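File shown: start.csv. Contents: CSV, N, CA, C and O atoms.
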```csv
chain,number,residue,atom,x,y,z
A,1,MET,N,22.9,84.8,-216.7
A,1,MET,CA,23.6,83.9,-217.6
A,1,MET,C,25.1,84.1,-217.5
A,1,MET,O,25.5,85.2,-217.0
A,2,ASN,N,25.8,83.2,-218.0
A,2,ASN,CA,27.3,83.3,-217.9
A,2,ASN,C,28.0,83.6,-219.2
A,2,ASN,O,29.0,83.1,-219.5
A,3,ASP,N,27.4,84.4,-220.0
A,3,ASP,CA,27.7,84.7,-221.4
A,3,ASP,C,29.2,84.5,-221.8
A,3,ASP,O,29.5,83.7,-222.6
A,4,GLU,N,30.1,85.3,-221.2
A,4,GLU,CA,31.5,85.2,-221.7
A,4,GLU,C,32.4,84.4,-220.8
A,4,GLU,O,33.5,84.3,-221.0
A,5,ALA,N,31.8,83.7,-219.8
A,5,ALA,CA,32.7,82.9,-218.9
A,5,ALA,C,33.2,81.7,-219.7
A,5,ALA,O,32.5,81.1,-220.5
A,6,GLY,N,34.4,81.3,-219.4
A,6,GLY,CA,34.9,80.1,-220.0
A,6,GLY,C,35.3,80.3,-221.5
A,6,GLY,O,35.0,79.4,-222.3
A,7,ALA,N,36.0,81.3,-221.9
A,7,ALA,CA,36.4,81.5,-223.2
A,7,ALA,C,37.3,80.3,-223.6
A,7,ALA,O,37.9,79.7,-222.8
A,8,PRO,N,37.3,79.9,-224.9
A,8,PRO,CA,38.0,78.7,-225.4
A,8,PRO,C,39.4,78.7,-224.9
A,8,PRO,O,40.0,77.6,-224.8
A,9,ASP,N,40.1,79.8,-224.8
A,9,ASP,CA,41.5,79.8,-224.4
A,9,ASP,C,41.7,79.9,-222.9
A,9,ASP,O,42.8,80.1,-222.4
A,10,ALA,N,40.6,79.9,-222.1
A,10,ALA,CA,40.7,80.0,-220.7
A,10,ALA,C,41.3,78.7,-220.1
A,10,ALA,O,41.2,77.6,-220.6
A,11,ALA,N,41.9,78.9,-218.9
A,11,ALA,CA,42.5,77.7,-218.2
A,11,ALA,C,41.3,76.8,-217.8
A,11,ALA,O,40.2,77.2,-217.5
A,12,PRO,N,41.6,75.5,-217.7
A,12,PRO,CA,40.6,74.6,-217.2
A,12,PRO,C,40.1,74.9,-215.8
A,12,PRO,O,40.9,75.4,-215.0
A,13,ALA,N,38.9,74.6,-215.5
A,13,ALA,CA,38.4,74.8,-214.1
A,13,ALA,C,39.2,73.9,-213.2
A,13,ALA,O,39.7,72.8,-213.6
A,14,PRO,N,39.3,74.3,-211.9
A,14,PRO,CA,40.0,73.5,-211.0
A,14,PRO,C,39.4,72.1,-210.9
A,14,PRO,O,38.2,71.9,-210.8
A,15,GLY,N,40.2,71.1,-211.0
A,15,GLY,CA,39.7,69.7,-210.9
A,15,GLY,C,39.3,69.2,-212.2
A,15,GLY,O,38.9,68.0,-212.4
A,16,ALA,N,39.2,70.0,-213.3
A,16,ALA,CA,38.8,69.5,-214.6
A,16,ALA,C,39.9,68.8,-215.3
A,16,ALA,O,41.1,69.0,-215.1
A,17,SER,N,39.5,67.8,-216.1
A,17,SER,CA,40.6,67.0,-216.8
A,17,SER,C,40.9,67.7,-218.1
A,17,SER,O,40.1,68.6,-218.5
A,18,ASP,N,41.9,67.2,-218.7
A,18,ASP,CA,42.2,67.8,-220.0
A,18,ASP,C,42.1,66.7,-221.1
A,18,ASP,O,42.9,66.5,-222.0
A,19,ARG,N,41.0,65.9,-221.0
A,19,ARG,CA,40.7,64.8,-221.9
A,19,ARG,C,40.5,65.3,-223.3
A,19,ARG,O,40.8,64.6,-224.2
A,20,GLN,N,39.9,66.5,-223.5
A,20,GLN,CA,39.7,66.9,-224.9
A,20,GLN,C,40.7,68.0,-225.2
A,20,GLN,O,41.2,68.7,-224.4
A,21,HIS,N,41.1,68.0,-226.5
A,21,HIS,CA,41.9,69.0,-227.0
A,21,HIS,C,41.0,69.9,-227.9
A,21,HIS,O,40.0,69.4,-228.3
A,22,ASP,N,41.4,71.1,-228.2
A,22,ASP,CA,40.6,72.0,-228.9
A,22,ASP,C,40.1,71.4,-230.3
A,22,ASP,O,39.0,71.6,-230.7
A,23,ASP,N,40.9,70.6,-230.9
A,23,ASP,CA,40.5,70.1,-232.2
A,23,ASP,C,39.7,68.8,-232.0
A,23,ASP,O,39.2,68.3,-233.0
A,24,GLU,N,39.4,68.4,-230.8
A,24,GLU,CA,38.6,67.2,-230.6
A,24,GLU,C,37.2,67.6,-230.0
A,24,GLU,O,36.4,66.7,-229.7
A,25,ILE,N,36.9,68.8,-229.9
A,25,ILE,CA,35.6,69.2,-229.3
A,25,ILE,C,34.5,68.9,-230.3
A,25,ILE,O,34.5,69.4,-231.4
A,26,PRO,N,33.6,68.0,-229.9
A,26,PRO,CA,32.5,67.7,-230.8
A,26,PRO,C,31.6,68.9,-231.1
A,26,PRO,O,31.4,69.7,-230.2
A,27,GLU,N,31.0,68.9,-232.2
A,27,GLU,CA,30.1,70.0,-232.6
A,27,GLU,C,28.7,69.4,-233.0
A,27,GLU,O,28.6,68.5,-233.8
A,28,VAL,N,27.7,70.0,-232.4
A,28,VAL,CA,26.3,69.6,-232.7
A,28,VAL,C,25.8,70.8,-233.6
A,28,VAL,O,25.7,71.9,-233.2
A,29,ASP,N,25.4,70.4,-234.8
A,29,ASP,CA,24.8,71.4,-235.7
A,29,ASP,C,23.3,71.4,-235.6
A,29,ASP,O,22.6,70.6,-236.1
A,30,ALA,N,22.8,72.4,-234.8
A,30,ALA,CA,21.3,72.4,-234.5
A,30,ALA,C,20.5,72.7,-235.7
A,30,ALA,O,19.3,72.4,-235.8
A,31,ARG,N,21.1,73.2,-236.7
A,31,ARG,CA,20.4,73.5,-238.0
A,31,ARG,C,19.9,72.3,-238.7
A,31,ARG,O,19.0,72.3,-239.5
A,32,LEU,N,20.5,71.1,-238.3
A,32,LEU,CA,20.2,69.9,-238.9
A,32,LEU,C,19.2,69.1,-238.1
A,32,LEU,O,18.7,68.0,-238.5
A,33,ILE,N,18.8,69.6,-236.9
A,33,ILE,CA,17.9,68.9,-236.0
A,33,ILE,C,16.5,69.6,-236.1
A,33,ILE,O,16.4,70.8,-236.1
A,34,PRO,N,15.4,68.8,-236.3
A,34,PRO,CA,14.1,69.4,-236.4
A,34,PRO,C,13.8,70.3,-235.2
A,34,PRO,O,14.1,69.9,-234.0
A,35,ALA,N,13.2,71.4,-235.4
A,35,ALA,CA,13.0,72.4,-234.3
A,35,ALA,C,12.2,71.8,-233.2
A,35,ALA,O,12.4,72.2,-232.0
A,36,THR,N,11.3,70.9,-233.4
A,36,THR,CA,10.5,70.4,-232.3
A,36,THR,C,11.2,69.5,-231.3
A,36,THR,O,10.8,69.4,-230.2
A,37,VAL,N,12.4,69.0,-231.7
A,37,VAL,CA,13.2,68.2,-230.8
A,37,VAL,C,14.6,68.8,-230.6
A,37,VAL,O,15.5,68.2,-229.9
A,38,ARG,N,14.9,70.0,-231.1
A,38,ARG,CA,16.2,70.6,-231.1
A,38,ARG,C,16.8,70.8,-229.7
A,38,ARG,O,17.9,70.3,-229.4
A,39,HIS,N,16.0,71.4,-228.8
A,39,HIS,CA,16.6,71.7,-227.4
A,39,HIS,C,16.8,70.3,-226.7
A,39,HIS,O,17.8,70.2,-226.0
A,40,GLY,N,15.8,69.4,-226.8
A,40,GLY,CA,16.0,68.1,-226.2
A,40,GLY,C,17.2,67.4,-226.6
A,40,GLY,O,17.9,66.8,-225.8
A,41,ALA,N,17.4,67.4,-227.9
A,41,ALA,CA,18.6,66.7,-228.5
A,41,ALA,C,19.9,67.3,-228.0
A,41,ALA,O,20.8,66.6,-227.6
A,42,ILE,N,20.0,68.6,-227.9
A,42,ILE,CA,21.2,69.3,-227.5
A,42,ILE,C,21.4,69.1,-226.0
A,42,ILE,O,22.5,68.8,-225.5
A,43,LEU,N,20.3,69.2,-225.2
A,43,LEU,CA,20.4,68.9,-223.7
A,43,LEU,C,20.8,67.5,-223.5
A,43,LEU,O,21.6,67.2,-222.6
A,44,GLY,N,20.3,66.6,-224.3
A,44,GLY,CA,20.8,65.2,-224.2
A,44,GLY,C,22.2,65.0,-224.4
A,44,GLY,O,23.0,64.3,-223.7
A,45,ALA,N,22.7,65.6,-225.5
A,45,ALA,CA,24.1,65.6,-225.8
A,45,ALA,C,25.0,66.2,-224.7
A,45,ALA,O,26.0,65.7,-224.3
A,46,LEU,N,24.5,67.3,-224.2
A,46,LEU,CA,25.2,68.0,-223.1
A,46,LEU,C,25.3,67.1,-221.9
A,46,LEU,O,26.3,67.1,-221.1
A,47,GLY,N,24.2,66.4,-221.6
A,47,GLY,CA,24.2,65.5,-220.5
A,47,GLY,C,25.3,64.4,-220.6
A,47,GLY,O,25.7,63.9,-219.5
A,48,ASP,N,25.8,64.1,-221.7
A,48,ASP,CA,26.9,63.1,-221.9
A,48,ASP,C,28.3,63.7,-221.8
A,48,ASP,O,29.2,63.0,-221.8
A,49,VAL,N,28.3,65.0,-221.7
A,49,VAL,CA,29.6,65.7,-221.6
A,49,VAL,C,30.1,65.6,-220.1
A,49,VAL,O,29.4,65.9,-219.2
A,50,GLN,N,31.3,65.1,-220.0
A,50,GLN,CA,31.9,64.8,-218.7
A,50,GLN,C,32.6,66.1,-218.2
A,50,GLN,O,33.0,67.0,-219.0
A,51,PRO,N,32.8,66.3,-216.9
A,51,PRO,CA,33.5,67.4,-216.3
A,51,PRO,C,34.9,67.6,-217.0
A,51,PRO,O,35.6,66.6,-217.2
A,52,GLY,N,35.2,68.8,-217.4
A,52,GLY,CA,36.5,69.0,-218.1
A,52,GLY,C,36.4,68.9,-219.6
A,52,GLY,O,37.3,69.3,-220.3
A,53,ASP,N,35.2,68.4,-220.1
A,53,ASP,CA,35.0,68.3,-221.6
A,53,ASP,C,34.0,69.4,-222.0
A,53,ASP,O,33.4,70.1,-221.2
A,54,ALA,N,33.9,69.5,-223.3
A,54,ALA,CA,33.1,70.6,-223.9
A,54,ALA,C,32.4,70.1,-225.2
A,54,ALA,O,32.6,69.0,-225.7
A,55,LEU,N,31.5,70.9,-225.6
A,55,LEU,CA,30.6,70.7,-226.8
A,55,LEU,C,30.4,72.0,-227.5
A,55,LEU,O,30.2,73.0,-226.8
A,56,ILE,N,30.5,72.1,-228.8
A,56,ILE,CA,30.1,73.3,-229.5
A,56,ILE,C,28.8,73.1,-230.2
A,56,ILE,O,28.5,72.0,-230.8
A,57,VAL,N,27.9,74.1,-230.0
A,57,VAL,CA,26.6,74.0,-230.7
A,57,VAL,C,26.6,75.1,-231.8
A,57,VAL,O,26.9,76.3,-231.5
A,58,ALA,N,26.2,74.7,-233.0
A,58,ALA,CA,26.0,75.7,-234.1
A,58,ALA,C,24.5,75.8,-234.3
A,58,ALA,O,23.8,74.9,-234.3
A,59,ALA,N,24.1,77.1,-234.3
A,59,ALA,CA,22.7,77.4,-234.4
A,59,ALA,C,22.4,78.4,-235.5
A,59,ALA,O,23.3,79.2,-235.9
A,60,PRO,N,21.2,78.4,-236.1
A,60,PRO,CA,20.8,79.3,-237.2
A,60,PRO,C,20.5,80.7,-236.6
A,60,PRO,O,20.2,81.6,-237.4
A,61,HIS,N,20.5,80.9,-235.3
A,61,HIS,CA,20.2,82.2,-234.7
A,61,HIS,C,20.8,82.2,-233.3
A,61,HIS,O,21.4,81.2,-232.9
A,62,ASP,N,20.8,83.4,-232.7
A,62,ASP,CA,21.4,83.5,-231.3
A,62,ASP,C,20.7,82.5,-230.4
A,62,ASP,O,19.4,82.6,-230.3
A,63,PRO,N,21.3,81.5,-229.8
A,63,PRO,CA,20.7,80.5,-229.1
A,63,PRO,C,20.4,80.9,-227.6
A,63,PRO,O,20.4,80.0,-226.7
A,64,PHE,N,20.1,82.2,-227.4
A,64,PHE,CA,19.9,82.6,-226.0
A,64,PHE,C,18.7,81.9,-225.3
A,64,PHE,O,18.9,81.6,-224.1
A,65,PRO,N,17.7,81.4,-226.0
A,65,PRO,CA,16.7,80.7,-225.2
A,65,PRO,C,17.2,79.3,-224.7
A,65,PRO,O,16.9,78.9,-223.6
A,66,LEU,N,18.0,78.7,-225.6
A,66,LEU,CA,18.7,77.4,-225.1
A,66,LEU,C,19.6,77.7,-224.0
A,66,LEU,O,19.7,76.9,-223.0
A,67,LEU,N,20.4,78.8,-224.1
A,67,LEU,CA,21.4,79.1,-223.0
A,67,LEU,C,20.7,79.4,-221.7
A,67,LEU,O,21.1,78.9,-220.6
A,68,ALA,N,19.5,80.0,-221.7
A,68,ALA,CA,18.7,80.3,-220.5
A,68,ALA,C,18.2,78.9,-219.9
A,68,ALA,O,18.3,78.7,-218.7
A,69,GLN,N,17.8,78.0,-220.8
A,69,GLN,CA,17.4,76.7,-220.3
A,69,GLN,C,18.5,75.9,-219.7
A,69,GLN,O,18.4,75.3,-218.7
A,70,ILE,N,19.7,76.0,-220.3
A,70,ILE,CA,20.9,75.4,-219.8
A,70,ILE,C,21.2,76.0,-218.4
A,70,ILE,O,21.5,75.2,-217.4
A,71,ASP,N,21.2,77.3,-218.3
A,71,ASP,CA,21.4,77.9,-217.0
A,71,ASP,C,20.5,77.4,-215.9
A,71,ASP,O,20.9,77.2,-214.8
A,72,GLU,N,19.2,77.4,-216.3
A,72,GLU,CA,18.2,76.9,-215.4
A,72,GLU,C,18.4,75.5,-214.9
A,72,GLU,O,18.3,75.2,-213.7
A,73,ARG,N,18.8,74.6,-215.8
A,73,ARG,CA,19.0,73.2,-215.5
A,73,ARG,C,20.3,72.9,-214.9
A,73,ARG,O,20.4,72.0,-214.0
A,74,GLU,N,21.3,73.5,-215.3
A,74,GLU,CA,22.7,73.2,-215.0
A,74,GLU,C,23.4,74.1,-214.0
A,74,GLU,O,24.3,73.7,-213.3
A,75,GLY,N,22.9,75.4,-213.9
A,75,GLY,CA,23.5,76.3,-213.0
A,75,GLY,C,25.0,76.5,-213.3
A,75,GLY,O,25.4,76.6,-214.5
A,76,ASP,N,25.8,76.5,-212.3
A,76,ASP,CA,27.3,76.7,-212.5
A,76,ASP,C,28.0,75.5,-213.0
A,76,ASP,O,29.2,75.5,-213.2
A,77,ARG,N,27.3,74.4,-213.2
A,77,ARG,CA,28.0,73.2,-213.7
A,77,ARG,C,28.4,73.2,-215.2
A,77,ARG,O,29.2,72.5,-215.7
A,78,VAL,N,27.8,74.2,-215.9
A,78,VAL,CA,28.1,74.4,-217.3
A,78,VAL,C,28.3,75.9,-217.6
A,78,VAL,O,27.5,76.7,-217.1
A,79,ARG,N,29.4,76.2,-218.2
A,79,ARG,CA,29.6,77.6,-218.6
A,79,ARG,C,29.7,77.6,-220.1
A,79,ARG,O,29.9,76.6,-220.8
A,80,TYR,N,29.5,78.8,-220.7
A,80,TYR,CA,29.5,78.9,-222.1
A,80,TYR,C,30.1,80.2,-222.6
A,80,TYR,O,30.2,81.2,-221.8
A,81,SER,N,30.5,80.2,-223.8
A,81,SER,CA,31.0,81.4,-224.5
A,81,SER,C,30.7,81.3,-225.9
A,81,SER,O,30.8,80.2,-226.5
A,82,TYR,N,30.5,82.5,-226.5
A,82,TYR,CA,30.2,82.5,-228.0
A,82,TYR,C,31.5,82.4,-228.7
A,82,TYR,O,32.5,83.0,-228.4
A,83,VAL,N,31.6,81.5,-229.7
A,83,VAL,CA,32.7,81.3,-230.5
A,83,VAL,C,32.5,82.1,-231.8
A,83,VAL,O,33.5,82.7,-232.4
A,84,GLN,N,31.3,82.2,-232.3
A,84,GLN,CA,30.9,82.9,-233.5
A,84,GLN,C,29.5,83.5,-233.3
A,84,GLN,O,28.6,82.8,-232.8
A,85,ARG,N,29.3,84.8,-233.7
A,85,ARG,CA,28.0,85.5,-233.5
A,85,ARG,C,27.5,85.9,-234.9
A,85,ARG,O,27.7,87.1,-235.2
A,86,GLY,N,26.9,85.0,-235.6
A,86,GLY,CA,26.2,85.3,-236.8
A,86,GLY,C,27.1,85.8,-237.9
A,86,GLY,O,28.3,85.8,-237.8
A,87,PRO,N,26.6,86.3,-239.0
A,87,PRO,CA,25.1,86.5,-239.2
A,87,PRO,C,24.4,85.2,-239.6
A,87,PRO,O,23.2,85.2,-239.5
A,88,ASP,N,25.1,84.2,-240.2
A,88,ASP,CA,24.4,83.1,-240.7
A,88,ASP,C,24.4,81.9,-239.7
A,88,ASP,O,23.5,81.0,-239.7
A,89,VAL,N,25.4,81.9,-238.8
A,89,VAL,CA,25.5,80.8,-237.8
A,89,VAL,C,26.1,81.4,-236.5
A,89,VAL,O,26.9,82.3,-236.6
A,90,TRP,N,25.6,80.9,-235.4
A,90,TRP,CA,26.1,81.3,-234.1
A,90,TRP,C,26.7,80.0,-233.6
A,90,TRP,O,26.1,78.9,-233.7
A,91,LYS,N,27.9,80.1,-233.0
A,91,LYS,CA,28.5,78.9,-232.4
A,91,LYS,C,28.8,79.2,-230.9
A,91,LYS,O,29.3,80.3,-230.6
A,92,VAL,N,28.4,78.3,-230.1
A,92,VAL,CA,28.6,78.5,-228.6
A,92,VAL,C,29.4,77.3,-228.1
A,92,VAL,O,29.0,76.1,-228.3
A,93,LEU,N,30.4,77.5,-227.3
A,93,LEU,CA,31.2,76.5,-226.6
A,93,LEU,C,30.5,76.3,-225.3
A,93,LEU,O,30.4,77.2,-224.5
A,94,LEU,N,30.1,75.1,-225.0
A,94,LEU,CA,29.5,74.7,-223.7
A,94,LEU,C,30.5,73.8,-223.0
A,94,LEU,O,31.0,72.8,-223.5
A,95,GLU,N,31.0,74.2,-221.8
A,95,GLU,CA,32.0,73.5,-221.1
A,95,GLU,C,31.4,73.0,-219.7
A,95,GLU,O,30.8,73.8,-219.0
A,96,ARG,N,31.5,71.7,-219.5
A,96,ARG,CA,31.0,71.2,-218.2
A,96,ARG,C,32.2,71.3,-217.2
A,96,ARG,O,33.2,70.8,-217.4
A,97,VAL,N,31.9,72.0,-216.1
A,97,VAL,CA,32.9,72.2,-215.1
A,97,VAL,C,32.7,71.3,-213.9
A,97,VAL,O,33.6,71.2,-213.1
A,98,ALA,N,31.5,70.8,-213.7
A,98,ALA,CA,31.3,69.9,-212.6
A,98,ALA,C,30.2,68.9,-212.9
A,98,ALA,O,29.4,69.1,-213.8
```

Could you write out this file's structure as structure tokens?
Amino acid sequence: MNDEAGAPDAAPAPGASDRQHDDEIPEVDARLIPATVRHGAILGALGDVQPGDALIVAAPHDPFPLLAQIDEREGDRVRYSYVQRGPDVWKVLLERVA
């Protein structure tokens, strides 16, 4: 996994655009999505993120199973970093680099 790669203050990946500003990063609150469709909904939202853009996911627990699934599907095309680590909510910044 790429746990700490791509911290929010990191420079954009080569070739990435600067279409989003930090205050414009959309947030998906997984706590509001039924568990049976949660991963699918987040993966669908991530699929709409263009290179150089990002998405924040808020979860009720450490989303490491989701991050493993993203690693498996996306490889190096998406990097992530924790923005907040509990105790009540975990937030992860997902950045599409390619």

Could you tell me how far CA of Gly86 in chain A sits from CA of Glu74 in chain A, in Å to one decimal place?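 Pair CA of Glu74 in chain A / CA of Gly86 in chain A returns 25.2 Å.
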
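One distance worth recording is that between CA of Lys91 in chain A and CA of Ala54 in chain A, which is 12.7 Å.
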
Quick one: everything within 12 Å of Arg38 in chain A, counting only C-alpha atoms, minus sequence neighbours fewer than 6 positions away in the same chain. Send it as a PyMOL selection string. chain A and resi 28-32+44-45+57-60+63+65-66

Would you mind reading off the distance between atom C of Pro34 in chain A and atom N of Asp76 in chain A, one decimal, in Å?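 Between these atoms lies a distance of 26.6 Å.
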
Nearest-residue call for Glu24 in chain A, choices A:Leu55, A:Val37, A:Gly47, A:Tyr82, using only N, CA, C and O atoms: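 Comparing A:Leu55, A:Val37, A:Gly47, A:Tyr82 against Glu24 in chain A, the winner is A:Leu55.
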
Considering all atoms listed in the file, state which residue in the set A:Ala41, A:Glu27, A:Gly75, A:Ile33 is at the smallest distance from Val92 in chain A.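 When distances to Val92 in chain A are compared using all atoms listed in the file, the smallest one comes from A:Glu27.
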
Name all residues at most 10 Å from Val49 in chain A (count only C-alpha atoms; drop same-chain ones fewer than 3 positions away) and give them as a list in words.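 Within the cut-off, the hits are Pro26, Leu43, Gly44, Ala45, Leu46, Gly52, Asp53, Ala54, Leu55, Val78, Leu94, Glu95, Arg96 and Val97 of chain A.
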
Calculated over only C-alpha atoms, which of the candidates A:Ile42, A:Val83, A:Val89, A:Ala35 has the smallest distance to Asp62 in chain A?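 Ranked by minimum distance to Asp62 in chain A, first place goes to A:Val89.
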
Written record: range 58-68 of chain A, all heavy atoms, as a PDB file, in the first residue's frame:
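Here's the written file part_12.pdb:
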```pdb
ATOM      1  N   ALA A  58     -14.449  10.017   4.223  1.00  0.00           N
ATOM      2  CA  ALA A  58     -14.612   9.973   5.673  1.00  0.00           C
ATOM      3  C   ALA A  58     -15.253   8.634   6.013  1.00  0.00           C
ATOM      4  O   ALA A  58     -16.257   8.255   5.406  1.00  0.00           O
ATOM      5  CB  ALA A  58     -15.489  11.122   6.152  1.00  0.00           C
ATOM      6  N   ALA A  59     -14.660   7.907   6.961  1.00  0.00           N
ATOM      7  CA  ALA A  59     -15.144   6.573   7.309  1.00  0.00           C
ATOM      8  C   ALA A  59     -15.280   6.418   8.820  1.00  0.00           C
ATOM      9  O   ALA A  59     -14.586   7.098   9.581  1.00  0.00           O
ATOM     10  CB  ALA A  59     -14.175   5.518   6.765  1.00  0.00           C
ATOM     11  N   PRO A  60     -16.150   5.498   9.268  1.00  0.00           N
ATOM     12  CA  PRO A  60     -16.350   5.292  10.698  1.00  0.00           C
ATOM     13  C   PRO A  60     -15.261   4.440  11.349  1.00  0.00           C
ATOM     14  O   PRO A  60     -15.267   4.229  12.551  1.00  0.00           O
ATOM     15  CB  PRO A  60     -17.706   4.588  10.764  1.00  0.00           C
ATOM     16  CG  PRO A  60     -17.782   3.838   9.476  1.00  0.00           C
ATOM     17  CD  PRO A  60     -17.083   4.712   8.465  1.00  0.00           C
ATOM     18  N   HIS A  61     -14.327   3.929  10.542  1.00  0.00           N
ATOM     19  CA  HIS A  61     -13.219   3.090  11.026  1.00  0.00           C
ATOM     20  C   HIS A  61     -12.066   3.240  10.050  1.00  0.00           C
ATOM     21  O   HIS A  61     -12.222   3.851   8.986  1.00  0.00           O
ATOM     22  CB  HIS A  61     -13.648   1.613  11.107  1.00  0.00           C
ATOM     23  CG  HIS A  61     -14.137   1.083   9.793  1.00  0.00           C
ATOM     24  ND1 HIS A  61     -13.282   0.686   8.772  1.00  0.00           N
ATOM     25  CD2 HIS A  61     -15.392   0.933   9.302  1.00  0.00           C
ATOM     26  CE1 HIS A  61     -14.000   0.297   7.727  1.00  0.00           C
ATOM     27  NE2 HIS A  61     -15.289   0.443   8.018  1.00  0.00           N
ATOM     28  N   ASP A  62     -10.918   2.707  10.390  1.00  0.00           N
ATOM     29  CA  ASP A  62      -9.778   2.766   9.480  1.00  0.00           C
ATOM     30  C   ASP A  62     -10.161   2.041   8.193  1.00  0.00           C
ATOM     31  O   ASP A  62     -10.490   0.855   8.215  1.00  0.00           O
ATOM     32  CB  ASP A  62      -8.564   2.102  10.120  1.00  0.00           C
ATOM     33  CG  ASP A  62      -7.288   2.313   9.331  1.00  0.00           C
ATOM     34  OD1 ASP A  62      -7.353   2.625   8.128  1.00  0.00           O
ATOM     35  OD2 ASP A  62      -6.219   2.148   9.928  1.00  0.00           O
ATOM     36  N   PRO A  63     -10.150   2.723   7.052  1.00  0.00           N
ATOM     37  CA  PRO A  63     -10.625   2.125   5.802  1.00  0.00           C
ATOM     38  C   PRO A  63      -9.575   1.279   5.080  1.00  0.00           C
ATOM     39  O   PRO A  63      -9.558   1.211   3.856  1.00  0.00           O
ATOM     40  CB  PRO A  63     -11.035   3.345   4.975  1.00  0.00           C
ATOM     41  CG  PRO A  63     -10.078   4.399   5.409  1.00  0.00           C
ATOM     42  CD  PRO A  63      -9.872   4.157   6.885  1.00  0.00           C
ATOM     43  N   PHE A  64      -8.693   0.598   5.826  1.00  0.00           N
ATOM     44  CA  PHE A  64      -7.641  -0.181   5.171  1.00  0.00           C
ATOM     45  C   PHE A  64      -8.178  -1.240   4.211  1.00  0.00           C
ATOM     46  O   PHE A  64      -7.542  -1.479   3.175  1.00  0.00           O
ATOM     47  CB  PHE A  64      -6.650  -0.766   6.188  1.00  0.00           C
ATOM     48  CG  PHE A  64      -7.228  -1.755   7.134  1.00  0.00           C
ATOM     49  CD1 PHE A  64      -7.300  -3.098   6.815  1.00  0.00           C
ATOM     50  CD2 PHE A  64      -7.699  -1.342   8.376  1.00  0.00           C
ATOM     51  CE1 PHE A  64      -7.843  -4.009   7.696  1.00  0.00           C
ATOM     52  CE2 PHE A  64      -8.243  -2.254   9.260  1.00  0.00           C
ATOM     53  CZ  PHE A  64      -8.317  -3.594   8.915  1.00  0.00           C
ATOM     54  N   PRO A  65      -9.337  -1.882   4.440  1.00  0.00           N
ATOM     55  CA  PRO A  65      -9.824  -2.824   3.421  1.00  0.00           C
ATOM     56  C   PRO A  65     -10.156  -2.111   2.100  1.00  0.00           C
ATOM     57  O   PRO A  65      -9.858  -2.625   1.019  1.00  0.00           O
ATOM     58  CB  PRO A  65     -11.083  -3.438   4.047  1.00  0.00           C
ATOM     59  CG  PRO A  65     -10.907  -3.260   5.511  1.00  0.00           C
ATOM     60  CD  PRO A  65     -10.182  -1.946   5.651  1.00  0.00           C
ATOM     61  N   LEU A  66     -10.732  -0.926   2.183  1.00  0.00           N
ATOM     62  CA  LEU A  66     -11.026  -0.144   0.983  1.00  0.00           C
ATOM     63  C   LEU A  66      -9.726   0.266   0.297  1.00  0.00           C
ATOM     64  O   LEU A  66      -9.605   0.181  -0.928  1.00  0.00           O
ATOM     65  CB  LEU A  66     -11.845   1.098   1.337  1.00  0.00           C
ATOM     66  CG  LEU A  66     -12.060   2.095   0.202  1.00  0.00           C
ATOM     67  CD1 LEU A  66     -12.934   1.484  -0.904  1.00  0.00           C
ATOM     68  CD2 LEU A  66     -12.663   3.386   0.733  1.00  0.00           C
ATOM     69  N   LEU A  67      -8.737   0.702   1.071  1.00  0.00           N
ATOM     70  CA  LEU A  67      -7.466   1.127   0.494  1.00  0.00           C
ATOM     71  C   LEU A  67      -6.755  -0.038  -0.196  1.00  0.00           C
ATOM     72  O   LEU A  67      -6.155   0.146  -1.259  1.00  0.00           O
ATOM     73  CB  LEU A  67      -6.579   1.752   1.569  1.00  0.00           C
ATOM     74  CG  LEU A  67      -7.157   3.007   2.237  1.00  0.00           C
ATOM     75  CD1 LEU A  67      -6.248   3.483   3.353  1.00  0.00           C
ATOM     76  CD2 LEU A  67      -7.419   4.102   1.222  1.00  0.00           C
ATOM     77  N   ALA A  68      -6.853  -1.229   0.367  1.00  0.00           N
ATOM     78  CA  ALA A  68      -6.274  -2.408  -0.279  1.00  0.00           C
ATOM     79  C   ALA A  68      -6.979  -2.683  -1.601  1.00  0.00           C
ATOM     80  O   ALA A  68      -6.337  -3.031  -2.605  1.00  0.00           O
ATOM     81  CB  ALA A  68      -6.364  -3.619   0.649  1.00  0.00           C
TER      82      ALA A  68
END
```
